[in-house]
>>> print(open('final06.txt').read())   # compact mmCIF, C-alpha atoms (C1' of nucleotides)
# COMPACT_ATOMS: atom_id res chain seq x y z
CA MET A 1 -33.00 20.00 176.37
CA ASP A 2 -31.25 21.32 173.36
CA PRO A 3 -29.22 18.40 172.06
CA ARG A 4 -26.57 20.59 170.55
CA LYS A 5 -25.89 22.33 173.76
CA ARG A 6 -25.62 19.11 175.61
CA ALA A 7 -23.25 17.88 173.00
CA ARG A 8 -20.98 20.79 173.54
CA LEU A 9 -20.98 20.47 177.26
CA ASP A 10 -20.19 16.80 177.18
CA SER A 11 -17.38 17.12 174.74
CA ALA A 12 -14.52 17.22 177.17
CA GLY A 13 -12.56 14.74 175.12
CA TRP A 14 -12.91 14.79 171.38
CA LYS A 15 -13.71 11.89 169.20
CA VAL A 16 -13.74 11.77 165.48
CA GLY A 17 -16.98 10.83 163.83
CA SER A 18 -20.08 12.43 162.43
CA ALA A 19 -22.43 14.47 164.48
CA ALA A 20 -25.00 11.77 163.97
CA ASP A 21 -22.71 9.25 165.57
CA PHE A 22 -21.84 11.53 168.40
CA LEU A 23 -25.36 12.50 169.27
CA ASP A 24 -27.58 9.51 169.35
CA LEU A 25 -29.86 10.15 166.45
CA THR A 26 -32.09 7.68 164.71
CA PRO A 27 -31.61 7.34 160.96
CA GLU A 28 -34.77 9.33 160.41
CA GLU A 29 -33.59 12.12 162.64
CA THR A 30 -30.30 12.17 160.83
CA ALA A 31 -32.00 12.31 157.46
CA PHE A 32 -34.22 15.11 158.67
CA VAL A 33 -31.30 17.16 159.89
CA GLU A 34 -29.46 16.60 156.64
CA MET A 35 -32.45 17.85 154.71
CA LYS A 36 -32.47 21.00 156.75
CA VAL A 37 -28.76 21.52 156.25
CA ALA A 38 -29.07 21.08 152.51
CA LEU A 39 -31.93 23.57 152.34
CA ALA A 40 -30.09 26.02 154.55
CA ARG A 41 -27.08 25.92 152.28
CA TYR A 42 -29.32 26.47 149.31
CA ALA A 43 -30.96 29.42 151.02
CA ARG A 44 -27.60 31.04 151.61
CA GLY A 45 -26.69 30.47 148.01
CA LEU A 46 -29.87 32.11 146.76
CA ARG A 47 -29.31 35.11 148.95
CA THR A 48 -25.64 35.71 148.22
CA GLN A 49 -26.25 35.13 144.54
CA SER A 50 -28.70 38.01 144.67
CA GLY A 51 -26.19 40.17 146.48
CA LEU A 52 -28.52 40.66 149.40
CA THR A 53 -27.57 41.02 153.04
CA GLN A 54 -29.26 39.03 155.77
CA THR A 55 -30.95 42.20 156.93
CA GLU A 56 -32.41 42.93 153.51
CA THR A 57 -33.52 39.35 153.18
CA ALA A 58 -35.14 39.47 156.58
CA MET A 59 -37.27 42.40 155.49
CA ARG A 60 -38.44 40.53 152.43
CA LEU A 61 -39.40 37.60 154.59
CA GLY A 62 -41.01 39.75 157.26
CA SER A 63 -38.50 38.47 159.72
CA SER A 64 -35.32 39.58 161.41
CA GLN A 65 -31.61 39.37 160.64
CA SER A 66 -30.97 37.01 163.51
CA ARG A 67 -33.54 34.56 162.29
CA VAL A 68 -32.06 34.59 158.81
CA ALA A 69 -28.65 33.86 160.30
CA LYS A 70 -30.06 30.94 162.24
CA LEU A 71 -31.94 29.77 159.22
CA GLU A 72 -28.78 29.65 157.14
CA ALA A 73 -26.99 27.88 159.96
CA ALA A 74 -29.72 25.23 160.08
CA ASP A 75 -30.21 26.10 163.72
CA ALA A 76 -32.32 23.64 165.69
CA THR A 77 -34.89 26.32 166.48
CA VAL A 78 -35.64 26.87 162.79
CA SER A 79 -38.49 24.83 161.38
CA LEU A 80 -38.73 23.27 157.97
CA ASP A 81 -41.74 25.48 157.39
CA LEU A 82 -39.72 28.64 157.82
CA LEU A 83 -36.90 27.26 155.73
CA VAL A 84 -39.13 26.32 152.81
CA LYS A 85 -41.27 29.44 152.98
CA ALA A 86 -38.09 31.47 152.89
CA LEU A 87 -36.81 29.62 149.84
CA LEU A 88 -40.08 30.13 147.99
CA THR A 89 -40.06 33.81 148.82
CA LEU A 90 -36.48 34.08 147.61
CA GLY A 91 -37.58 32.79 144.24
CA ALA A 92 -37.10 29.06 144.42
CA THR A 93 -39.81 26.85 142.99
CA PRO A 94 -41.17 23.71 144.66
CA ALA A 95 -39.29 21.80 141.99
CA ASP A 96 -36.07 23.44 143.13
CA VAL A 97 -36.81 22.59 146.73
CA GLY A 98 -37.57 19.01 145.86
CA ARG A 99 -34.42 18.71 143.85
CA VAL A 100 -32.27 20.04 146.66
CA ILE A 101 -33.79 17.60 149.10
CA ALA A 102 -33.56 14.67 146.75
CA SER A 103 -30.06 15.23 145.52
CA HIS A 104 -28.14 16.90 148.30
CA THR A 105 -29.17 14.51 150.98
CA ALA A 106 -27.43 11.24 151.75
CA THR A 107 -30.12 8.66 151.36
CA SER A 108 -28.80 5.44 152.73
CA ALA A 109 -27.98 4.94 156.36
CA GLY A 110 -24.36 4.52 155.46
CA SER A 111 -21.71 3.40 157.91
CA MET B 112 -51.38 42.78 155.83
CA ASP B 113 -49.24 41.83 152.90
CA PRO B 114 -49.16 44.54 150.25
CA ARG B 115 -48.81 42.16 147.34
CA LYS B 116 -51.98 40.32 148.17
CA ARG B 117 -54.38 43.14 147.53
CA ALA B 118 -54.79 42.54 143.85
CA ARG B 119 -57.45 39.88 143.99
CA LEU B 120 -59.98 41.28 146.35
CA ASP B 121 -62.61 42.49 143.96
CA SER B 122 -64.12 39.43 142.41
CA ALA B 123 -67.73 40.33 142.97
CA GLY B 124 -69.39 37.53 141.08
CA TRP B 125 -68.33 33.95 140.94
CA LYS B 126 -65.70 32.74 138.73
CA VAL B 127 -64.53 29.27 138.35
CA GLY B 128 -61.08 28.85 139.69
CA SER B 129 -58.88 27.26 142.28
CA ALA B 130 -58.99 27.69 146.00
CA ALA B 131 -55.88 29.77 145.65
CA ASP B 132 -57.82 32.26 143.58
CA PHE B 133 -60.69 32.28 145.98
CA LEU B 134 -58.60 32.75 149.07
CA ASP B 135 -56.17 35.58 149.00
CA LEU B 136 -52.91 33.71 148.60
CA THR B 137 -49.62 34.83 147.18
CA PRO B 138 -48.01 32.50 144.66
CA GLU B 139 -45.54 31.39 147.32
CA GLU B 140 -48.30 30.60 149.76
CA THR B 141 -50.08 28.63 147.09
CA ALA B 142 -46.95 26.69 146.26
CA PHE B 143 -46.38 25.97 149.92
CA VAL B 144 -49.88 24.63 150.41
CA GLU B 145 -49.58 22.50 147.31
CA MET B 146 -46.39 21.00 148.64
CA LYS B 147 -48.14 20.07 151.84
CA VAL B 148 -51.07 18.56 149.99
CA ALA B 149 -48.76 16.47 147.82
CA LEU B 150 -46.88 15.20 150.85
CA ALA B 151 -50.11 14.51 152.73
CA ARG B 152 -51.40 12.44 149.85
CA TYR B 153 -48.15 10.56 149.75
CA ALA B 154 -48.35 9.92 153.48
CA ARG B 155 -51.78 8.43 153.13
CA GLY B 156 -50.57 6.26 150.31
CA LEU B 157 -47.68 4.94 152.37
CA ARG B 158 -49.96 4.11 155.24
CA THR B 159 -52.76 2.41 153.33
CA GLN B 160 -50.24 0.51 151.26
CA SER B 161 -48.95 -0.96 154.50
CA GLY B 162 -52.45 -1.82 155.61
CA LEU B 163 -52.16 0.28 158.73
CA THR B 164 -54.87 2.25 160.45
CA GLN B 165 -54.39 5.84 161.50
CA THR B 166 -54.32 4.71 165.10
CA GLU B 167 -51.54 2.21 164.47
CA THR B 168 -49.60 4.79 162.52
CA ALA B 169 -50.05 7.29 165.29
CA MET B 170 -48.42 4.90 167.75
CA ARG B 171 -45.45 4.47 165.47
CA LEU B 172 -45.08 8.19 165.21
CA GLY B 173 -45.61 8.75 168.91
CA SER B 174 -48.65 10.81 168.07
CA SER B 175 -52.40 10.46 168.07
CA GLN B 176 -55.00 9.34 165.59
CA SER B 177 -56.48 12.78 165.30
CA ARG B 178 -53.16 14.29 164.34
CA VAL B 179 -52.60 11.64 161.70
CA ALA B 180 -56.03 12.40 160.27
CA LYS B 181 -55.18 16.09 160.12
CA LEU B 182 -51.81 15.30 158.68
CA GLU B 183 -53.35 13.35 155.82
CA ALA B 184 -55.86 16.11 155.28
CA ALA B 185 -53.05 18.68 155.01
CA ASP B 186 -54.73 20.56 157.83
CA ALA B 187 -53.43 24.07 158.39
CA THR B 188 -52.35 23.23 161.92
CA VAL B 189 -49.96 20.56 160.68
CA SER B 190 -46.44 21.70 160.01
CA LEU B 191 -44.13 20.62 157.25
CA ASP B 192 -41.85 19.31 159.96
CA LEU B 193 -44.43 16.86 161.21
CA LEU B 194 -45.36 15.87 157.68
CA VAL B 195 -41.80 15.10 156.66
CA LYS B 196 -40.82 13.45 159.93
CA ALA B 197 -43.85 11.21 159.58
CA LEU B 198 -42.92 10.27 156.03
CA LEU B 199 -39.38 9.38 157.05
CA THR B 200 -40.65 7.29 159.93
CA LEU B 201 -43.05 5.51 157.59
CA GLY B 202 -40.13 4.46 155.46
CA ALA B 203 -39.76 7.16 152.86
CA THR B 204 -36.27 8.40 152.05
CA PRO B 205 -35.30 12.05 151.60
CA ALA B 206 -35.04 11.26 147.91
CA ASP B 207 -38.66 10.11 147.94
CA VAL B 208 -39.73 13.26 149.72
CA GLY B 209 -37.85 15.42 147.28
CA ARG B 210 -39.34 13.62 144.34
CA VAL B 211 -42.86 14.05 145.64
CA ILE B 212 -42.33 17.75 146.15
CA ALA B 213 -40.66 18.25 142.81
CA SER B 214 -43.04 16.28 140.70
CA HIS B 215 -46.45 16.50 142.29
CA THR B 216 -46.45 20.23 142.66
CA ALA B 217 -47.46 22.78 140.08
CA THR B 218 -44.24 24.61 139.49
CA SER B 219 -44.75 27.72 137.49
CA ALA B 220 -45.81 30.87 139.24
CA GLY B 221 -47.77 32.13 136.32
CA SER B 222 -51.42 33.06 136.20
C1' DC C 223 -6.04 51.28 165.96
C1' DA C 224 -10.94 52.93 165.23
C1' DA C 225 -15.19 52.85 162.72
C1' DG C 226 -18.64 50.51 160.16
C1' DG C 227 -21.09 46.90 157.82
C1' DA C 228 -22.20 42.07 157.89
C1' DT C 229 -22.99 37.96 160.35
C1' DA C 230 -23.46 35.11 164.69
C1' DT C 231 -25.41 34.15 169.32
C1' DG C 232 -28.47 34.66 173.43
C1' DT C 233 -32.84 35.85 175.33
C1' DC C 234 -37.75 36.81 175.74
C1' DA C 235 -42.94 37.43 175.18
C1' DG C 236 -46.27 35.97 172.25
C1' DA C 237 -47.88 32.95 168.48
C1' DA C 238 -48.24 28.52 166.46
C1' DG C 239 -48.02 23.58 166.70
C1' DC C 240 -48.18 19.49 169.45
C1' DG C 241 -50.36 15.14 171.68
C1' DA C 242 -54.37 13.87 173.90
C1' DC C 243 -59.04 13.45 174.61
C1' DA C 244 -63.96 13.71 173.41
C1' DT C 245 -67.02 13.17 170.08
C1' DA C 246 -69.19 12.99 165.46
C1' DC C 247 -69.49 10.81 160.96
C1' DG C 248 -69.47 6.84 157.65
C1' DC C 249 -69.93 2.22 156.56
C1' DG C 250 -70.19 -2.75 156.81
C1' DC C 251 -72.17 -6.62 159.23
C1' DA C 252 -75.03 -9.32 162.41
C1' DT D 253 -81.56 -1.45 163.94
C1' DG D 254 -77.60 -1.24 166.66
C1' DC D 255 -72.74 -2.30 167.21
C1' DG D 256 -67.85 -1.92 165.95
C1' DC D 257 -64.14 -0.05 163.51
C1' DG D 258 -61.91 3.54 161.04
C1' DT D 259 -61.74 8.30 160.10
C1' DA D 260 -62.84 13.37 160.80
C1' DT D 261 -63.35 17.50 163.67
C1' DG D 262 -63.06 20.46 167.73
C1' DT D 263 -60.87 21.84 171.87
C1' DC D 264 -57.34 22.28 175.57
C1' DG D 265 -52.94 22.58 178.24
C1' DC D 266 -48.23 22.40 177.30
C1' DT D 267 -44.17 22.85 174.36
C1' DT D 268 -41.70 24.72 170.60
C1' DC D 269 -40.93 28.24 167.15
C1' DT D 270 -40.95 33.09 165.84
C1' DG D 271 -39.81 37.98 165.41
C1' DA D 272 -37.51 41.36 167.84
C1' DC D 273 -33.94 43.24 170.28
C1' DA D 274 -29.31 43.37 172.38
C1' DT D 275 -24.90 42.17 171.90
C1' DA D 276 -20.70 39.77 170.25
C1' DT D 277 -17.59 38.56 166.55
C1' DC D 278 -15.45 39.12 162.17
C1' DC D 279 -13.72 41.64 158.22
C1' DT D 280 -12.61 45.52 155.57
C1' DT D 281 -11.10 50.20 154.95
C1' DG D 282 -9.18 54.40 156.34
>>> encode(input="final06.txt", output="structure tokens")
Amino acid sequence: MDPRKRARLDSAGWKVGSAADFLDLTPEETAFVEMKVALARYARGLRTQSGLTQTETAMRLGSSQSRVAKLEAADATVSLDLLVKALLTLGATPADVGRVIASHTATSAGS
Amino acid sequence: MDPRKRARLDSAGWKVGSAADFLDLTPEETAFVEMKVALARYARGLRTQSGLTQTETAMRLGSSQSRVAKLEAADATVSLDLLVKALLTLGATPADVGRVIASHTATSAGS
DNA sequence: CAAGGATATGTCAGAAGCGACATACGCGCA
DNA sequence: TGCGCGTATGTCGCTTCTGACATATCCTTG
């Protein structure tokens, strides 16, 4: 089920290459994952910049420390909804969110 | 529920104002909804511009006509994930998505 | 080394979202 | 007027996400 777990299990012999190559993701799936990663990074930045711990942040969000950890790790079980709601609660504006998505995400399919 | 929401409860008589005033939404909730509405509008634009029906679009997305209708109506049961995945599948880039969020959304928290 | 705070990882019951289906609404055309 | 096509709305069973908790892994600091 979980693609990441499968990936780990199958990785007896290593190959170089991006995760997108290794897993078989469509370009759209890749782009989607990259968006989440970019937002997750931004979320961590917002938090650390405020000197907050994950636990404190979790309380602000009405969530738990573990979920914040997963959120910042762009875990597969974390939805875009949660990610974006968290960012807004941490003080980001929609403009900020849009900017992060637009600028920190590789647009073209690339090689 | 949320302590910060309480403030607006007492509007006895009508006032003109946005849905966000009328419902009891925090600024973040309002911003989130506005993001979804902007993306939903954009989704409809992409579809109609391609001359597709909701049913045809649904097949491309591996979904159903009803869900596409709800998606374009920014229905509450439609997640950001679905919205964004749909946009990417319909040909939008992450940059497009970011731009829509950043520019078609009222930014300031303000009153 | 031990203790303590912060972060990561695994699991679960319950909530939320999903595709699918049925059906209602709107509108043009015969 | 009735039919056909596109869209909207409501519901349902199943899947996925969520908060919570337990626990593991780092780092510091004494």
>>> residues_near_point(input="final06.txt", point="(-38.6, 20.1, 147.6)", cutoff="12 Å", atoms="only C-alpha atoms (C1' of nucleotides)", output="PyMOL selection string")
(chain A and resi 35-36+38-39+42+80-81+83-85+87-88+92-105) or (chain B and resi 142-143+145-147+149-150+191+195+205-218)
>>> write_last_selection(input="final06.txt", atoms="C-alpha atoms", output="short mmCIF file (atom, residue, chain, number, x, y, z; two decimals), in the coordinates of the input")
data_model
loop_
_atom_site.label_atom_id
_atom_site.label_comp_id
_atom_site.auth_asym_id
_atom_site.auth_seq_id
_atom_site.Cartn_x
_atom_site.Cartn_y
_atom_site.Cartn_z
CA MET A 35 -32.45 17.85 154.71
CA LYS A 36 -32.47 21.00 156.75
CA ALA A 38 -29.07 21.08 152.51
CA LEU A 39 -31.93 23.57 152.34
CA TYR A 42 -29.32 26.47 149.31
CA LEU A 80 -38.73 23.27 157.97
CA ASP A 81 -41.74 25.48 157.39
CA LEU A 83 -36.90 27.26 155.73
CA VAL A 84 -39.13 26.32 152.81
CA LYS A 85 -41.27 29.44 152.98
CA LEU A 87 -36.81 29.62 149.84
CA LEU A 88 -40.08 30.13 147.99
CA ALA A 92 -37.10 29.06 144.42
CA THR A 93 -39.81 26.85 142.99
CA PRO A 94 -41.17 23.71 144.66
CA ALA A 95 -39.29 21.80 141.99
CA ASP A 96 -36.07 23.44 143.13
CA VAL A 97 -36.81 22.59 146.73
CA GLY A 98 -37.57 19.01 145.86
CA ARG A 99 -34.42 18.71 143.85
CA VAL A 100 -32.27 20.04 146.66
CA ILE A 101 -33.79 17.60 149.10
CA ALA A 102 -33.56 14.67 146.75
CA SER A 103 -30.06 15.23 145.52
CA HIS A 104 -28.14 16.90 148.30
CA THR A 105 -29.17 14.51 150.98
CA ALA B 142 -46.95 26.69 146.26
CA PHE B 143 -46.38 25.97 149.92
CA GLU B 145 -49.58 22.50 147.31
CA MET B 146 -46.39 21.00 148.64
CA LYS B 147 -48.14 20.07 151.84
CA ALA B 149 -48.76 16.47 147.82
CA LEU B 150 -46.88 15.20 150.85
CA LEU B 191 -44.13 20.62 157.25
CA VAL B 195 -41.80 15.10 156.66
CA PRO B 205 -35.30 12.05 151.60
CA ALA B 206 -35.04 11.26 147.91
CA ASP B 207 -38.66 10.11 147.94
CA VAL B 208 -39.73 13.26 149.72
CA GLY B 209 -37.85 15.42 147.28
CA ARG B 210 -39.34 13.62 144.34
CA VAL B 211 -42.86 14.05 145.64
CA ILE B 212 -42.33 17.75 146.15
CA ALA B 213 -40.66 18.25 142.81
CA SER B 214 -43.04 16.28 140.70
CA HIS B 215 -46.45 16.50 142.29
CA THR B 216 -46.45 20.23 142.66
CA ALA B 217 -47.46 22.78 140.08
CA THR B 218 -44.24 24.61 139.49
#
>>> interface_residues(input="final06.txt", of="chain A", to="chain D", cutoff="10 Å", atoms="all atoms listed in the file", output="list in words")
Gly62, Ser63, Ser64, Gln65, Ser66, Arg67, Ala76, Thr77, Val78, Ser79 and Leu82 of chain A
>>> interface_residues(input="final06.txt", of="chain A", to="chain C", cutoff="10 Å", atoms="all atoms listed in the file", output="PDB file with C-alpha atoms, keeping the file's coordinate frame")
ATOM      1  CA  THR A  53     -27.570  41.020 153.040  1.00  0.00           C
ATOM      2  CA  GLN A  54     -29.260  39.030 155.770  1.00  0.00           C
ATOM      3  CA  THR A  55     -30.950  42.200 156.930  1.00  0.00           C
ATOM      4  CA  GLN A  65     -31.610  39.370 160.640  1.00  0.00           C
ATOM      5  CA  SER A  66     -30.970  37.010 163.510  1.00  0.00           C
ATOM      6  CA  VAL A  68     -32.060  34.590 158.810  1.00  0.00           C
ATOM      7  CA  ALA A  69     -28.650  33.860 160.300  1.00  0.00           C
ATOM      8  CA  LYS A  70     -30.060  30.940 162.240  1.00  0.00           C
ATOM      9  CA  ALA A  73     -26.990  27.880 159.960  1.00  0.00           C
TER      10      ALA A  73
END
>>> atom_distance(input="final06.txt", atom1="atom CA of Glu28 of chain A", atom2="atom CA of Ala86 of chain A")
23.6 Å
>>> atom_distance(input="final06.txt", atom1="atom CA of Met170 of chain B", atom2="atom CA of Thr200 of chain B")
11.3 Å
>>> residues_around(input="final06.txt", residues="Leu46 of chain A", least_positions_apart="2", cutoff="9 Å", atoms="only C-alpha atoms (C1' of nucleotides)", output="list in words")
Arg41, Tyr42, Ala43, Arg44, Thr48, Gln49, Ser50, Gly51, Leu87, Leu90, Gly91 and Ala92 of chain A
>>> axis_aligned_box(input="final06.txt", around="segment 226-236 of chain C", padding_each_side="3 Å", output="JSON")
{"center_x": -32.5, "center_y": 42.3, "center_z": 166.8, "size_x": 33.6, "size_y": 22.4, "size_z": 23.9}
>>> closest_residue(input="final06.txt", among="A:Leu52, A:Thr30, A:Leu71, A:Arg47", to="chain B", atoms="all atoms listed in the file")
A:Thr30
>>> atom_distance(input="final06.txt", atom1="atom CA of Ala151 of chain B", atom2="atom CA of Glu183 of chain B")
4.6 Å
>>> decode(input="final06.txt", residues="segment 51-79 of chain A", atoms="N, CA and C atoms", output="PDB file, in the first residue's frame")
ATOM      1  N   GLY A  51      10.841  30.181  17.296  1.00  0.00           N
ATOM      2  CA  GLY A  51      11.403  29.575  18.499  1.00  0.00           C
ATOM      3  C   GLY A  51      10.446  28.645  19.201  1.00  0.00           C
ATOM      4  N   LEU A  52       9.524  28.077  18.456  1.00  0.00           N
ATOM      5  CA  LEU A  52       8.556  27.170  19.057  1.00  0.00           C
ATOM      6  C   LEU A  52       9.017  25.713  18.917  1.00  0.00           C
ATOM      7  N   THR A  53       8.568  24.887  19.835  1.00  0.00           N
ATOM      8  CA  THR A  53       8.803  23.451  19.699  1.00  0.00           C
ATOM      9  C   THR A  53       7.633  22.845  18.929  1.00  0.00           C
ATOM     10  N   GLN A  54       7.807  21.617  18.513  1.00  0.00           N
ATOM     11  CA  GLN A  54       6.722  20.939  17.810  1.00  0.00           C
ATOM     12  C   GLN A  54       5.522  20.767  18.735  1.00  0.00           C
ATOM     13  N   THR A  55       5.799  20.521  19.983  1.00  0.00           N
ATOM     14  CA  THR A  55       4.720  20.336  20.952  1.00  0.00           C
ATOM     15  C   THR A  55       3.907  21.618  21.112  1.00  0.00           C
ATOM     16  N   GLU A  56       4.601  22.738  21.248  1.00  0.00           N
ATOM     17  CA  GLU A  56       3.891  24.011  21.379  1.00  0.00           C
ATOM     18  C   GLU A  56       3.070  24.303  20.119  1.00  0.00           C
ATOM     19  N   THR A  57       3.686  24.054  18.997  1.00  0.00           N
ATOM     20  CA  THR A  57       2.998  24.275  17.733  1.00  0.00           C
ATOM     21  C   THR A  57       1.756  23.404  17.625  1.00  0.00           C
ATOM     22  N   ALA A  58       1.897  22.173  18.049  1.00  0.00           N
ATOM     23  CA  ALA A  58       0.777  21.238  17.990  1.00  0.00           C
ATOM     24  C   ALA A  58      -0.411  21.783  18.773  1.00  0.00           C
ATOM     25  N   MET A  59      -0.136  22.369  19.918  1.00  0.00           N
ATOM     26  CA  MET A  59      -1.225  22.909  20.734  1.00  0.00           C
ATOM     27  C   MET A  59      -1.921  24.055  20.012  1.00  0.00           C
ATOM     28  N   ARG A  60      -1.129  24.901  19.372  1.00  0.00           N
ATOM     29  CA  ARG A  60      -1.743  25.988  18.607  1.00  0.00           C
ATOM     30  C   ARG A  60      -2.653  25.460  17.508  1.00  0.00           C
ATOM     31  N   LEU A  61      -2.209  24.363  16.898  1.00  0.00           N
ATOM     32  CA  LEU A  61      -2.961  23.822  15.775  1.00  0.00           C
ATOM     33  C   LEU A  61      -4.093  22.919  16.223  1.00  0.00           C
ATOM     34  N   GLY A  62      -4.160  22.642  17.525  1.00  0.00           N
ATOM     35  CA  GLY A  62      -5.123  21.657  18.010  1.00  0.00           C
ATOM     36  C   GLY A  62      -4.784  20.278  17.526  1.00  0.00           C
ATOM     37  N   SER A  63      -3.498  20.001  17.507  1.00  0.00           N
ATOM     38  CA  SER A  63      -3.057  18.698  17.026  1.00  0.00           C
ATOM     39  C   SER A  63      -2.022  18.139  17.987  1.00  0.00           C
ATOM     40  N   SER A  64      -1.260  17.189  17.535  1.00  0.00           N
ATOM     41  CA  SER A  64      -0.292  16.542  18.410  1.00  0.00           C
ATOM     42  C   SER A  64       1.124  16.653  17.861  1.00  0.00           C
ATOM     43  N   GLN A  65       2.092  16.479  18.734  1.00  0.00           N
ATOM     44  CA  GLN A  65       3.496  16.614  18.339  1.00  0.00           C
ATOM     45  C   GLN A  65       3.848  15.686  17.196  1.00  0.00           C
ATOM     46  N   SER A  66       3.333  14.480  17.252  1.00  0.00           N
ATOM     47  CA  SER A  66       3.692  13.508  16.218  1.00  0.00           C
ATOM     48  C   SER A  66       3.194  13.952  14.846  1.00  0.00           C
ATOM     49  N   ARG A  67       2.011  14.546  14.840  1.00  0.00           N
ATOM     50  CA  ARG A  67       1.487  14.984  13.555  1.00  0.00           C
ATOM     51  C   ARG A  67       2.293  16.160  13.010  1.00  0.00           C
ATOM     52  N   VAL A  68       2.756  17.014  13.890  1.00  0.00           N
ATOM     53  CA  VAL A  68       3.580  18.132  13.437  1.00  0.00           C
ATOM     54  C   VAL A  68       4.891  17.605  12.856  1.00  0.00           C
ATOM     55  N   ALA A  69       5.457  16.600  13.505  1.00  0.00           N
ATOM     56  CA  ALA A  69       6.692  15.999  12.991  1.00  0.00           C
ATOM     57  C   ALA A  69       6.457  15.439  11.598  1.00  0.00           C
ATOM     58  N   LYS A  70       5.366  14.727  11.430  1.00  0.00           N
ATOM     59  CA  LYS A  70       5.060  14.135  10.130  1.00  0.00           C
ATOM     60  C   LYS A  70       4.784  15.224   9.099  1.00  0.00           C
ATOM     61  N   LEU A  71       4.113  16.238   9.550  1.00  0.00           N
ATOM     62  CA  LEU A  71       3.815  17.355   8.665  1.00  0.00           C
ATOM     63  C   LEU A  71       5.106  17.964   8.123  1.00  0.00           C
ATOM     64  N   GLU A  72       6.059  18.187   9.006  1.00  0.00           N
ATOM     65  CA  GLU A  72       7.314  18.814   8.581  1.00  0.00           C
ATOM     66  C   GLU A  72       8.176  17.864   7.769  1.00  0.00           C
ATOM     67  N   ALA A  73       7.871  16.579   7.867  1.00  0.00           N
ATOM     68  CA  ALA A  73       8.615  15.588   7.090  1.00  0.00           C
ATOM     69  C   ALA A  73       7.897  15.290   5.779  1.00  0.00           C
ATOM     70  N   ALA A  74       6.823  16.002   5.526  1.00  0.00           N
ATOM     71  CA  ALA A  74       6.019  15.773   4.316  1.00  0.00           C
ATOM     72  C   ALA A  74       5.617  14.314   4.206  1.00  0.00           C
ATOM     73  N   ASP A  75       5.278  13.740   5.330  1.00  0.00           N
ATOM     74  CA  ASP A  75       4.830  12.351   5.392  1.00  0.00           C
ATOM     75  C   ASP A  75       3.633  12.133   4.468  1.00  0.00           C
ATOM     76  N   ALA A  76       3.553  10.924   3.929  1.00  0.00           N
ATOM     77  CA  ALA A  76       2.497  10.624   2.965  1.00  0.00           C
ATOM     78  C   ALA A  76       1.111  10.697   3.603  1.00  0.00           C
ATOM     79  N   THR A  77       1.032  10.509   4.897  1.00  0.00           N
ATOM     80  CA  THR A  77      -0.280  10.512   5.552  1.00  0.00           C
ATOM     81  C   THR A  77      -0.738  11.928   5.925  1.00  0.00           C
ATOM     82  N   VAL A  78       0.030  12.925   5.519  1.00  0.00           N
ATOM     83  CA  VAL A  78      -0.363  14.307   5.819  1.00  0.00           C
ATOM     84  C   VAL A  78      -0.936  14.957   4.572  1.00  0.00           C
ATOM     85  N   SER A  79      -2.130  15.465   4.687  1.00  0.00           N
ATOM     86  CA  SER A  79      -2.817  16.059   3.539  1.00  0.00           C
ATOM     87  C   SER A  79      -2.372  17.492   3.290  1.00  0.00           C
TER      88      SER A  79
END
